[in-house]
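A short worksheet on the structure shown next.
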Amino acid sequence: MFKVGQTVWHRDGKRSGVVLDCDGDRVFIEQENGAELDFPAGELSLTAPAAATPAHRAAAPVPYSMVDRTLIVADITPEHVRVLGLIPPRTVQAVAALYEKRPRAGKFSALDVAQKLNLIAEITEVPYRTMRAYSDRPGEMGLLMGKGLADSQKAR
């Protein structure tokens with residue numbers, strides 16, 4: 001399977017991009033022009049096909065950056081608020097505790113919805129897109145986030 005940050009090519013050689021997320025057999029990529037596409041994993045490859053242009057073959061992997069995907073207050077819709085409300089309380093409490101331990105962090109409860117979602121995505125390594133996809137299955141979302149939380153605590 002592909003990893004976030006890897007450069008992948010469509011087998012037709014006409015499209016390539018950096019992996020943003022994987023959900024089952026679907027792989028979400030961002031092209032150089034900023035367009036986001038998704039494909040079945042079987043249609044993508046880590047090596048440029050012969051049909052790829054020289055520019056595609058020479059492209060170096062671009063690491064995925066959450067900065068480009070950071071939510072701001074103006075982005076927030078009722079759907080964002082709904083998804084935040086579906087995140088398991090234990091996960092939110094664990095993220096809040098980790099946040100409040102940071103130097104000069106302040107209170108997690110004082111953050112707006114965008115800041116909370118960004119922080120949860122950063123600490124659990126679960127992007128908002130995945131949170132939204134699992135919003136109808138909060139138990140599974142909790143498991144994904146729990147793994148990210150455990151990994152983030154090992155790194156400390």
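Ordering of the structure tokens sets the chain letters (A, B, ...); residue numbers start at 1 within each chain; ligands are numbered from 1 in the order shown.
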Residues of chain A in helix (DSSP H, G or I) according to DSSP, as a PyMOL selection string? chain A and resi 41-43+54-58+66-69+73-75+78-86+89-100+108-110+113-124+128-133+138-154
Report the closest atom pair, with its distance in Å rounded to one decimal, for each residue of stretch 96-116 of chain A that has an atom no farther than 12 Å from stretch 121-124 of chain A; count only C-alpha atoms, sort by chain and then rising residue number, and write it as a tab-separated table.
residue	atom	partner	partner_atom	distance
A:Ala96	CA	A:Ile123	CA	10.0
A:Ala97	CA	A:Ile123	CA	11.1
A:Leu98	CA	A:Ile123	CA	8.4
A:Tyr99	CA	A:Ile123	CA	8.8
A:Ala114	CA	A:Ala121	CA	10.5
A:Gln115	CA	A:Ala121	CA	9.8
A:Lys116	CA	A:Ala121	CA	8.5
Residues as selected, C-alpha atoms, written as a tab-separated table (two decimals), in the first residue's frame, can you do that?
chain	number	residue	atom	x	y	z
A	96	ALA	CA	-6.34	18.28	25.23
A	97	ALA	CA	-3.96	16.91	27.85
A	98	LEU	CA	-1.11	16.64	25.34
A	99	TYR	CA	-1.81	20.15	24.05
A	114	ALA	CA	-10.77	24.95	13.40
A	115	GLN	CA	-7.90	24.97	15.89
A	116	LYS	CA	-9.30	21.92	17.70
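Once stretch 70-77 of chain A and its same-chain neighbours fewer than 4 positions away are set aside, Ser65, Met66, Val81, Arg82, Val83, Leu84, Leu111, Asp112, Val113, Ala114, Gln115, Lys116, Leu117, Asn118, Leu119, Ile120, Ala121, Glu122, Pro127, Tyr128 and Arg129 of chain A remain within 12 Å of it when counting only C-alpha atoms.
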In terms of the shortest atom-to-atom distance over only C-alpha atoms, which of A:Leu149, A:Leu37, A:Leu144, A:Ile87 is closest to A:Ser16? A:Leu37
Residue neighbourhood A:His10, 9 Å, only C-alpha atoms, exclusion window fewer than 6 positions, as a PyMOL selection string: chain A and resi 16-17+39+43-45+48-49
A straight line from atom CA of A:Pro88 to atom CA of A:Asp136 spans 12.3 Å
Ranking A:Leu86, A:Ala105, A:Ala94, A:Cys22 by minimum distance to A:Glu140 and counting only C-alpha atoms, which one comes first? A:Leu86
Could you check which of A:Thr130, A:Ala110, A:Thr91, A:Glu100 is closest to A:Phe28, using only C-alpha atoms? A:Thr130
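Distances to A:Ala41 were evaluated for A:Asp12, A:Glu125, A:Asp23, A:Asp151 using only C-alpha atoms, and the minimum falls at A:Asp23.
Closest to A:Asp25 among A:Ala150, A:Val126, A:Gln6, A:Pro40 is A:Pro40, based on only C-alpha atoms.
Atom pair atom CA of A:Lys107 / atom CA of A:Gly142: separated by 22.6 Å.
Shortest separation to A:Leu143 among A:Leu46, A:Val18, A:Val27, A:Met131 occurs at residue A:Met131, atoms counted being only C-alpha atoms.
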